[in-house]
>>> print(open('query-v8.csv').read())   # CSV, C-alpha atoms and all ligand atoms
chain,number,residue,atom,x,y,z
A,1,MET,CA,-15.9,-124.7,52.4
A,2,ILE,CA,-17.8,-123.9,49.3
A,3,ASP,CA,-18.8,-120.5,50.7
A,4,LYS,CA,-15.2,-119.7,51.4
A,5,ILE,CA,-14.3,-120.5,47.8
A,6,LYS,CA,-17.1,-118.3,46.6
A,7,SER,CA,-15.7,-115.4,48.6
A,8,HIS,CA,-12.3,-116.1,47.0
A,9,ILE,CA,-14.0,-115.8,43.6
A,10,GLU,CA,-15.6,-112.5,44.6
A,11,GLU,CA,-12.2,-111.3,45.9
A,12,ALA,CA,-10.4,-112.3,42.7
A,13,LYS,CA,-13.1,-110.6,40.5
A,14,ALA,CA,-12.8,-107.3,42.4
A,15,PHE,CA,-9.0,-107.3,42.3
A,16,HIS,CA,-7.3,-104.4,40.5
A,17,THR,CA,-3.8,-103.0,40.3
A,18,ASP,CA,-1.6,-100.8,38.2
A,19,SER,CA,1.6,-102.5,39.4
A,20,LYS,CA,3.3,-105.5,37.9
A,21,GLU,CA,4.5,-106.6,41.3
A,22,LYS,CA,1.1,-106.6,42.8
A,23,LEU,CA,-0.2,-108.6,39.9
A,24,GLU,CA,2.6,-111.1,40.4
A,25,GLU,CA,1.7,-111.5,44.1
A,26,PHE,CA,-1.9,-112.1,43.1
A,27,ARG,CA,-0.9,-114.7,40.5
A,28,ILE,CA,1.3,-116.5,43.1
A,29,LYS,CA,-1.4,-116.4,45.7
A,30,TYR,CA,-4.0,-118.1,43.4
A,31,LEU,CA,-2.1,-119.9,40.7
A,32,GLY,CA,1.4,-120.4,42.0
A,33,SER,CA,2.9,-123.9,42.6
A,34,LYS,CA,2.1,-123.5,46.3
A,35,GLY,CA,-1.0,-121.4,45.7
A,36,LEU,CA,-4.6,-121.6,46.8
A,37,LEU,CA,-5.7,-123.6,43.8
A,38,ARG,CA,-3.1,-126.2,44.2
A,39,GLU,CA,-4.2,-126.7,47.7
A,40,LEU,CA,-7.9,-126.9,46.8
A,41,PHE,CA,-7.2,-129.5,44.0
A,42,ALA,CA,-5.2,-131.4,46.6
A,43,ASP,CA,-8.1,-131.2,49.0
A,44,MET,CA,-10.4,-132.8,46.4
A,45,ARG,CA,-9.4,-136.2,47.6
A,46,ASN,CA,-10.9,-135.5,51.0
A,47,VAL,CA,-14.2,-134.3,49.7
A,48,PRO,CA,-17.1,-136.8,50.1
A,49,ASN,CA,-18.1,-138.3,46.8
A,50,GLU,CA,-21.6,-136.8,46.6
A,51,MET,CA,-20.1,-133.2,47.0
A,52,ARG,CA,-17.1,-133.8,44.8
A,53,LYS,CA,-18.8,-132.7,41.6
A,54,ASP,CA,-20.0,-129.3,43.0
A,55,PHE,CA,-16.7,-128.8,44.7
A,56,GLY,CA,-14.8,-129.4,41.4
A,57,LEU,CA,-17.0,-127.0,39.5
A,58,ILE,CA,-16.6,-124.2,42.0
A,59,VAL,CA,-12.8,-124.7,42.2
A,60,ASN,CA,-12.6,-124.6,38.4
A,61,GLN,CA,-14.6,-121.4,38.4
A,62,LEU,CA,-12.1,-119.8,40.8
A,63,LYS,CA,-9.2,-121.0,38.6
A,64,ASN,CA,-10.8,-119.4,35.5
A,65,THR,CA,-11.6,-116.2,37.3
A,66,ALA,CA,-8.0,-115.9,38.5
A,67,GLU,CA,-6.5,-116.7,35.1
A,68,ASP,CA,-8.7,-114.3,33.3
A,69,LYS,CA,-7.9,-111.6,35.8
A,70,VAL,CA,-4.2,-112.0,35.4
A,71,ALA,CA,-4.4,-112.0,31.6
A,72,ALA,CA,-6.6,-108.9,31.5
A,73,ILE,CA,-4.4,-106.8,33.8
A,74,GLN,CA,-1.3,-107.9,32.0
A,75,GLU,CA,-2.6,-106.7,28.7
A,76,GLN,CA,-3.6,-103.4,30.2
A,77,LEU,CA,-0.1,-102.9,31.7
A,78,GLU,CA,1.6,-103.8,28.4
A,79,SER,CA,-0.4,-101.4,26.3
A,80,LYS,CA,0.5,-98.6,28.7
A,81,GLU,CA,4.1,-99.4,28.4
A,82,VAL,CA,4.0,-99.1,24.6
A,83,VAL,CA,2.6,-95.6,24.9
A,84,LYS,CA,5.4,-94.6,27.1
A,85,GLY,CA,8.0,-96.0,24.6
A,86,ILE,CA,10.2,-93.6,22.6
A,87,TYR,CA,8.1,-93.9,19.5
A,88,GLY,CA,4.8,-93.5,21.3
A,89,ASP,CA,2.0,-95.8,20.2
A,90,VAL,CA,3.1,-97.0,16.8
A,91,THR,CA,-0.4,-98.2,16.1
A,92,ARG,CA,-2.0,-94.8,16.2
A,93,PRO,CA,-3.0,-93.2,12.9
A,94,GLY,CA,-0.4,-90.7,11.6
A,95,GLU,CA,-0.7,-86.9,11.8
A,96,PRO,CA,-2.3,-85.4,8.7
A,97,ILE,CA,0.4,-84.0,6.4
A,98,ASN,CA,-0.1,-80.3,5.6
A,99,ILE,CA,0.4,-79.9,1.9
A,100,GLY,CA,1.5,-76.4,0.8
A,101,SER,CA,0.2,-74.4,-2.2
A,102,ARG,CA,1.7,-72.5,-5.0
A,103,HIS,CA,2.1,-68.7,-4.4
A,104,PRO,CA,-0.5,-66.7,-6.5
A,105,ILE,CA,2.4,-64.9,-8.2
A,106,SER,CA,3.8,-68.3,-9.4
A,107,ILE,CA,0.4,-69.4,-10.5
A,108,VAL,CA,-0.2,-66.3,-12.7
A,109,LYS,CA,3.4,-66.3,-13.9
A,110,ASN,CA,3.1,-69.9,-15.1
A,111,GLN,CA,-0.2,-69.1,-16.8
A,112,ILE,CA,1.4,-66.3,-18.7
A,113,ILE,CA,4.4,-68.5,-19.7
A,114,ASP,CA,2.0,-71.3,-20.9
A,115,ILE,CA,0.0,-68.9,-23.1
A,116,PHE,CA,3.1,-67.5,-24.8
A,117,SER,CA,4.8,-70.9,-25.1
A,118,ASN,CA,1.9,-72.1,-27.1
A,119,VAL,CA,2.7,-69.6,-29.8
A,120,GLY,CA,6.5,-70.2,-29.9
A,121,PHE,CA,8.0,-68.0,-27.2
A,122,ASN,CA,10.8,-69.3,-25.0
A,123,VAL,CA,11.6,-68.2,-21.5
A,124,SER,CA,14.8,-66.2,-20.8
A,125,GLU,CA,16.2,-65.1,-17.5
A,126,GLY,CA,18.9,-62.8,-16.3
A,127,PRO,CA,20.5,-61.3,-13.1
A,128,GLU,CA,18.6,-59.2,-10.6
A,129,ILE,CA,21.8,-57.1,-10.0
A,130,GLU,CA,22.4,-55.4,-13.3
A,131,ASP,CA,24.8,-52.9,-14.8
A,132,ASP,CA,23.8,-49.5,-16.2
A,133,TRP,CA,24.2,-50.7,-19.8
A,134,HIS,CA,21.7,-53.5,-19.7
A,135,ASN,CA,19.1,-51.7,-17.6
A,136,PHE,CA,19.3,-48.3,-19.2
A,137,THR,CA,21.9,-47.3,-21.7
A,138,ALA,CA,21.3,-50.1,-24.3
A,139,LEU,CA,17.6,-49.4,-24.0
A,140,ASN,CA,18.0,-45.9,-25.5
A,141,LEU,CA,18.3,-44.3,-22.0
A,142,PRO,CA,21.7,-42.7,-22.0
A,143,GLU,CA,23.1,-41.1,-18.8
A,144,TYR,CA,21.2,-38.0,-17.7
A,145,HIS,CA,18.2,-38.9,-19.9
A,146,PRO,CA,15.1,-37.5,-18.1
A,147,ALA,CA,13.2,-40.7,-18.7
A,148,ARG,CA,15.4,-42.5,-16.2
A,149,ASP,CA,13.3,-40.8,-13.5
A,150,MET,CA,10.3,-42.9,-14.7
A,151,GLN,CA,11.8,-45.8,-12.7
A,152,ASP,CA,13.3,-44.8,-9.4
A,153,THR,CA,16.4,-46.9,-9.0
A,154,PHE,CA,18.1,-48.7,-6.1
A,155,PHE,CA,21.9,-48.5,-6.6
A,156,ILE,CA,24.3,-50.9,-5.1
A,157,GLN,CA,26.3,-48.9,-2.5
A,158,THR,CA,27.9,-45.8,-4.2
A,159,ASN,CA,28.7,-47.4,-7.5
A,160,PRO,CA,26.2,-45.8,-10.0
A,161,ASP,CA,27.0,-48.5,-12.5
A,162,ILE,CA,25.6,-51.4,-10.5
A,163,LEU,CA,21.9,-51.4,-9.6
A,164,LEU,CA,18.9,-53.6,-8.9
A,165,ARG,CA,17.1,-54.0,-12.3
A,166,THR,CA,14.0,-51.8,-12.6
A,167,HIS,CA,12.5,-54.0,-15.3
A,168,THR,CA,13.2,-57.3,-17.1
A,169,SER,CA,13.9,-55.4,-20.3
A,170,SER,CA,17.5,-55.9,-19.2
A,171,VAL,CA,17.1,-59.6,-19.9
A,172,GLN,CA,15.9,-58.8,-23.4
A,173,VAL,CA,19.1,-56.8,-24.0
A,174,ARG,CA,21.2,-59.7,-22.9
A,175,TYR,CA,19.1,-62.1,-25.1
A,176,MET,CA,19.6,-59.9,-28.2
A,177,GLU,CA,23.3,-59.6,-27.5
A,178,ASN,CA,23.6,-63.4,-27.6
A,179,ASN,CA,21.0,-64.5,-30.2
A,180,GLN,CA,20.3,-63.4,-33.7
A,181,PRO,CA,16.7,-63.1,-35.0
A,182,PRO,CA,14.2,-64.7,-35.3
A,183,ILE,CA,13.7,-64.0,-31.6
A,184,ARG,CA,10.6,-64.9,-29.6
A,185,THR,CA,11.2,-64.7,-25.9
A,186,ILE,CA,9.5,-63.8,-22.7
A,187,SER,CA,11.4,-62.7,-19.5
A,188,PRO,CA,9.7,-63.3,-16.2
A,189,GLY,CA,11.4,-62.0,-13.1
A,190,ARG,CA,11.6,-59.9,-10.0
A,191,VAL,CA,12.2,-56.2,-10.3
A,192,PHE,CA,13.0,-53.4,-7.9
A,193,ARG,CA,12.0,-49.7,-7.7
A,194,ASN,CA,12.6,-47.2,-5.1
A,195,GLU,CA,8.9,-46.4,-4.5
A,196,ASP,CA,6.8,-45.9,-1.4
A,197,ILE,CA,5.0,-49.0,-0.3
A,198,SER,CA,1.2,-48.7,-0.4
A,199,SER,CA,-1.7,-51.0,-1.1
A,200,ARG,CA,-1.2,-50.4,-4.9
A,201,SER,CA,2.6,-50.3,-5.2
A,202,HIS,CA,5.6,-52.0,-3.8
A,203,CYS,CA,9.4,-51.6,-4.1
A,204,ILE,CA,9.7,-55.2,-5.2
A,205,PHE,CA,7.4,-56.8,-7.7
A,206,HIS,CA,7.4,-59.1,-10.7
A,207,GLN,CA,7.1,-58.6,-14.4
A,208,VAL,CA,6.8,-60.6,-17.6
A,209,GLU,CA,8.3,-58.8,-20.6
A,210,GLY,CA,8.1,-60.1,-24.2
A,211,LEU,CA,10.2,-59.6,-27.3
A,212,TYR,CA,9.6,-60.6,-30.9
A,213,ILE,CA,12.1,-59.8,-33.6
A,214,ASP,CA,12.1,-61.0,-37.2
A,215,LYS,CA,11.9,-59.7,-40.7
A,216,ASP,CA,8.7,-57.7,-41.5
A,217,VAL,CA,7.3,-57.7,-37.9
A,218,SER,CA,4.7,-54.9,-37.8
A,219,PHE,CA,2.4,-53.2,-35.3
A,220,ALA,CA,-0.4,-55.4,-36.5
A,221,ASP,CA,1.5,-58.5,-35.3
A,222,LEU,CA,1.8,-56.8,-31.9
A,223,LYS,CA,-1.9,-56.1,-31.7
A,224,GLN,CA,-2.8,-59.6,-32.8
A,225,THR,CA,-0.4,-61.2,-30.2
A,226,LEU,CA,-1.9,-59.0,-27.4
A,227,LEU,CA,-5.4,-59.9,-28.4
A,228,TYR,CA,-4.6,-63.6,-28.3
A,229,PHE,CA,-3.0,-63.1,-24.9
A,230,THR,CA,-5.9,-61.2,-23.3
A,231,LYS,CA,-8.4,-63.7,-24.7
A,232,GLU,CA,-6.5,-66.6,-23.2
A,233,MET,CA,-5.7,-64.9,-19.9
A,234,PHE,CA,-8.9,-63.1,-19.1
A,235,GLY,CA,-11.4,-64.4,-21.5
A,236,LYS,CA,-11.9,-60.9,-22.8
A,237,SER,CA,-11.6,-60.0,-26.5
A,238,LYS,CA,-11.9,-56.2,-26.5
A,239,ILE,CA,-8.7,-54.2,-26.2
A,240,ARG,CA,-7.6,-50.7,-27.0
A,241,LEU,CA,-4.1,-49.2,-27.4
A,242,ARG,CA,-3.5,-45.7,-26.2
A,243,PRO,CA,-0.4,-43.8,-27.4
A,244,SER,CA,2.3,-43.6,-24.7
A,245,TYR,CA,6.0,-43.1,-24.3
A,246,PHE,CA,8.8,-45.5,-23.5
A,247,PRO,CA,12.4,-44.7,-24.5
A,248,PHE,CA,13.0,-48.2,-25.9
A,249,THR,CA,10.0,-48.4,-28.2
A,250,GLU,CA,8.6,-46.2,-31.0
A,251,PRO,CA,5.7,-46.0,-31.4
A,252,SER,CA,4.7,-46.9,-27.8
A,253,ALA,CA,1.3,-47.7,-26.3
A,254,GLU,CA,-0.5,-48.7,-23.2
A,255,VAL,CA,-2.8,-51.6,-23.5
A,256,ASP,CA,-6.3,-51.5,-21.9
A,257,ILE,CA,-8.8,-54.4,-21.8
A,258,TYR,CA,-12.5,-53.9,-21.7
A,259,TRP,CA,-13.3,-55.5,-18.3
A,260,GLY,CA,-17.0,-54.6,-18.3
A,261,LEU,CA,-19.3,-53.0,-15.8
A,262,ASN,CA,-21.3,-55.9,-14.6
A,263,ASN,CA,-21.1,-55.3,-10.8
A,264,GLU,CA,-20.0,-52.9,-8.2
A,265,ILE,CA,-16.4,-54.3,-8.1
A,266,ASP,CA,-16.1,-53.7,-11.9
A,267,TYR,CA,-17.1,-50.1,-11.3
A,268,ARG,CA,-14.5,-49.7,-8.5
A,269,ILE,CA,-11.5,-51.3,-10.2
A,270,THR,CA,-12.2,-49.6,-13.6
A,271,LYS,CA,-13.1,-46.3,-12.0
A,272,GLY,CA,-16.4,-46.4,-13.7
A,273,THR,CA,-15.0,-46.6,-17.2
A,274,GLY,CA,-15.1,-50.4,-17.8
A,275,TRP,CA,-11.5,-50.2,-19.1
A,276,LEU,CA,-8.4,-51.5,-17.3
A,277,GLU,CA,-4.8,-50.8,-18.1
A,278,ILE,CA,-2.7,-54.0,-18.1
A,279,MET,CA,0.6,-53.4,-19.9
A,280,GLY,CA,2.9,-51.2,-21.9
A,281,CYS,CA,4.2,-52.1,-25.4
A,282,GLY,CA,5.6,-50.8,-28.6
A,283,MET,CA,7.9,-51.4,-31.7
A,284,VAL,CA,11.5,-51.8,-30.6
A,285,ASP,CA,13.4,-48.6,-31.2
A,286,PRO,CA,16.0,-49.0,-34.0
A,287,ASN,CA,18.6,-47.6,-31.6
A,288,VAL,CA,18.0,-50.5,-29.2
A,289,LEU,CA,18.5,-53.1,-32.0
A,290,LYS,CA,21.7,-51.3,-33.0
A,291,ASN,CA,23.0,-51.3,-29.5
A,292,CYS,CA,22.5,-55.1,-29.4
A,293,ASN,CA,24.2,-55.8,-32.7
A,294,ILE,CA,21.0,-56.4,-34.7
A,295,ASN,CA,20.7,-54.7,-38.0
A,296,PRO,CA,17.6,-52.4,-37.8
A,297,ASP,CA,17.4,-52.2,-41.7
A,298,GLU,CA,16.9,-55.9,-41.9
A,299,TYR,CA,14.8,-56.6,-38.7
A,300,THR,CA,12.0,-55.1,-36.8
A,301,GLY,CA,10.3,-56.2,-33.7
A,302,PHE,CA,7.9,-55.5,-30.8
A,303,ALA,CA,8.1,-55.6,-27.1
A,304,PHE,CA,5.7,-55.6,-24.2
A,305,GLY,CA,5.8,-55.7,-20.4
A,306,MET,CA,3.3,-56.3,-17.6
A,307,GLY,CA,3.3,-56.5,-13.8
A,308,ILE,CA,2.3,-59.9,-12.5
A,309,GLU,CA,1.0,-58.6,-9.2
A,310,ARG,CA,-1.4,-56.3,-11.0
A,311,ILE,CA,-2.8,-59.2,-13.0
A,312,ALA,CA,-3.0,-61.5,-10.0
A,313,MET,CA,-4.9,-58.7,-8.1
A,314,LEU,CA,-7.4,-58.5,-10.9
A,315,LEU,CA,-7.9,-62.2,-11.3
A,316,TYR,CA,-8.2,-63.0,-7.6
A,317,GLN,CA,-9.7,-59.7,-6.5
A,318,ILE,CA,-6.9,-58.9,-4.0
A,319,GLY,CA,-7.2,-55.4,-2.7
A,320,ASP,CA,-3.7,-54.9,-1.2
A,321,ILE,CA,-0.4,-55.7,-3.0
A,322,ARG,CA,1.4,-56.2,0.4
A,323,MET,CA,-0.5,-59.4,0.9
A,324,PHE,CA,1.7,-61.2,-1.7
A,325,TYR,CA,4.8,-60.7,0.5
A,326,GLU,CA,3.5,-61.3,4.0
A,327,ASN,CA,3.2,-65.0,3.5
A,328,ASP,CA,0.3,-65.3,5.9
A,329,VAL,CA,-0.8,-69.0,5.5
A,330,ARG,CA,-4.5,-68.0,5.8
A,331,PHE,CA,-4.0,-66.0,2.6
A,332,LEU,CA,-1.8,-68.6,0.8
A,333,GLU,CA,-4.0,-71.5,1.6
A,334,GLN,CA,-6.8,-70.0,-0.5
A,335,PHE,CA,-4.8,-70.9,-3.6
A,336,LYS,CA,-4.6,-74.6,-2.9
A,337,SER,CA,-7.1,-75.5,-5.5
A,338,SER,CA,-5.4,-73.5,-8.3
A,339,ILE,CA,-2.8,-75.0,-10.5
A,401,LIG,N1,9.8,-51.9,-19.4
A,401,LIG,C1,8.6,-51.3,-19.2
A,401,LIG,C2,8.3,-51.1,-17.7
A,401,LIG,O1,9.0,-51.6,-16.9
A,401,LIG,C3,7.5,-52.0,-19.9
A,401,LIG,C4,7.6,-52.1,-21.3
A,401,LIG,C5,8.2,-53.2,-21.9
A,401,LIG,C6,7.0,-51.2,-22.2
A,401,LIG,C7,8.4,-53.3,-23.3
A,401,LIG,C8,7.2,-51.3,-23.5
A,401,LIG,C9,7.8,-52.3,-24.1
A,401,LIG,O2,7.4,-50.4,-17.4
>>> encode(input="query-v8.csv", output="structure tokens")
Amino acid sequence: MIDKIKSHIEEAKAFHTDSKEKLEEFRIKYLGSKGLLRELFADMRNVPNEMRKDFGLIVNQLKNTAEDKVAAIQEQLESKEVVKGIYGDVTRPGEPINIGSRHPISIVKNQIIDIFSNVGFNVSEGPEIEDDWHNFTALNLPEYHPARDMQDTFFIQTNPDILLRTHTSSVQVRYMENNQPPIRTISPGRVFRNEDISSRSHCIFHQVEGLYIDKDVSFADLKQTLLYFTKEMFGKSKIRLRPSYFPFTEPSAEVDIYWGLNNEIDYRITKGTGWLEIMGCGMVDPNVLKNCNINPDEYTGFAFGMGIERIAMLLYQIGDIRMFYENDVRFLEQFKSSI
């Protein structure tokens, strides 16, 4: 008899199933109200006294084995069911959230805005689709002026009066039309030029232009402002101004910073000179002030303009301007740690 019970114990221990029904059959067979254990406990009466203790122990062992087995398989089956549920396993840790990064153009634009905000410039914006007056004529570039060819223009359909702005100087015209001096404003924004796309130039890029108009503003103020900017932006304090030409400023200049010749890259980007051109500038032409209803006998001012891509390429040593527009995450992810 005892041997038989022992073989039941082995049988119960070895039992395994994936099915609820089979488990229920197993439970009924051992633990049910007409099950094996009921029978064995009932038989206890007939067991001779001296064997009763051993018999009781072994029957209890069978009971515990069967109960543990049922509980263990039940738990397994339930956990499988949760996984199959519509929410999956809600106790699993969440997927990591992929946080994006600012675009390098935005990072550099914000830096430039911060630097000029610190010395009292506000930010002004205007439309990307402009009329001829704000993009050209008011800026001392009347129709048929040869300097219009300096900036190849996209026109909107066949209307020569409506175009995509070629610079954000158009925003400065709008600002002067609506505000009297003192004016201290910078105009960041996207501009468009009908140029071939290459590693160095694109038909869409970004600019920040600045404008300062007040009584007695001189070229010395312009130089000092540019020096402050280059120190803050690049940590470089040597600049030079080369005479240049823009229709809306007189005199005009190109600004170079002394980048240095410390390594091979410096030689390459400065073409061995150590100098880098970063922007154009000049004293606002009196005609421009007049066009915008500001009295040139009372007020003078300076303006400057720079390309954001060019500066970002310098700061981050990016060799191809097209990378800014491809939005390849492997490129963009590299700017995660920047502000
Ligand atoms: N508007 C000029 C450009 O797009 C830059 C500039 C701005 C030059 C202001 C002088 C003064 O190239």
>>> residues_near_point(input="query-v8.csv", point="(0.8, -69.5, -19.5)", cutoff="12 Å", atoms="only C-alpha atoms", output="PyMOL selection string")
chain A and resi 106-123+186+188+208+228-230+232-234+308+339
>>> residues_around(input="query-v8.csv", residues="segment 281-287 of chain A", least_positions_apart="3", cutoff="8 Å", atoms="all atoms listed in the file", output="list in words")
Leu139, Asn140, Ser218, Phe219, Leu222, Pro247, Phe248, Thr249, Glu250, Pro251, Ser252, Ala253, Glu254, Val255, Lys290, Asn291, Pro296, Thr300, Gly301, Phe302, Ala303, Phe304 and Gly305 of chain A
>>> residues_near_point(input="query-v8.csv", point="(-4.8, -70.1, 2.5)", cutoff="12 Å", atoms="only C-alpha atoms", output="list of chain:residue names")
A:Asn98, A:Ile99, A:Gly100, A:Ser101, A:Arg102, A:His103, A:Pro104, A:Met323, A:Phe324, A:Asn327, A:Asp328, A:Val329, A:Arg330, A:Phe331, A:Leu332, A:Glu333, A:Gln334, A:Phe335, A:Lys336, A:Ser337, A:Ser338
>>> atom_distance(input="query-v8.csv", atom1="atom CA of Asp132 of chain A", atom2="atom CA of Asn159 of chain A")
10.2 Å
>>> atom_distance(input="query-v8.csv", atom1="atom CA of Asn46 of chain A", atom2="atom CA of Ala66 of chain A")
23.4 Å
>>> closest_residue(input="query-v8.csv", among="A:Asp161, A:Glu24, A:Asp54, A:Glu209", to="ligand LIG 401 (chain A)", atoms="only C-alpha atoms and all ligand atoms")
A:Glu209
>>> closest_residue(input="query-v8.csv", among="A:Thr158, A:Ser244, A:Asn60, A:Asn178", to="ligand LIG 401 (chain A)", atoms="only C-alpha atoms and all ligand atoms")
A:Ser244
>>> atom_distance(input="query-v8.csv", atom1="atom CA of Met1 of chain A", atom2="atom CA of Glu21 of chain A")
29.4 Å
>>> residues_around(input="query-v8.csv", residues="Pro127 of chain A", least_positions_apart="6", cutoff="10 Å", atoms="all atoms listed in the file", output="number ranges by chain")
A: 164-165, 168, 170-171, 174, 189-190
>>> closest_residue(input="query-v8.csv", among="A:Pro160, A:Gly56, A:Gly319, A:Gly307", to="ligand LIG 401 (chain A)", atoms="all atoms listed in the file")
A:Gly307
>>> closest_residue(input="query-v8.csv", among="A:Asn135, A:Ser237, A:Ser187, A:Gln180", to="Thr166 of chain A", atoms="only C-alpha atoms")
A:Asn135
>>> closest_residue(input="query-v8.csv", among="A:Pro243, A:Gly274, A:Gly235, A:Pro48", to="ligand LIG 401 (chain A)", atoms="only C-alpha atoms and all ligand atoms")
A:Pro243
>>> closest_residue(input="query-v8.csv", among="A:Ile269, A:Ile318, A:Ala14, A:Met279", to="ligand LIG 401 (chain A)", atoms="only C-alpha atoms and all ligand atoms")
A:Met279
>>> residues_around(input="query-v8.csv", residues="Glu10 of chain A", least_positions_apart="2", cutoff="12 Å", atoms="all atoms listed in the file", output="ChimeraX atom specification")
/A:3-8,12-15,61-62,65-66,69
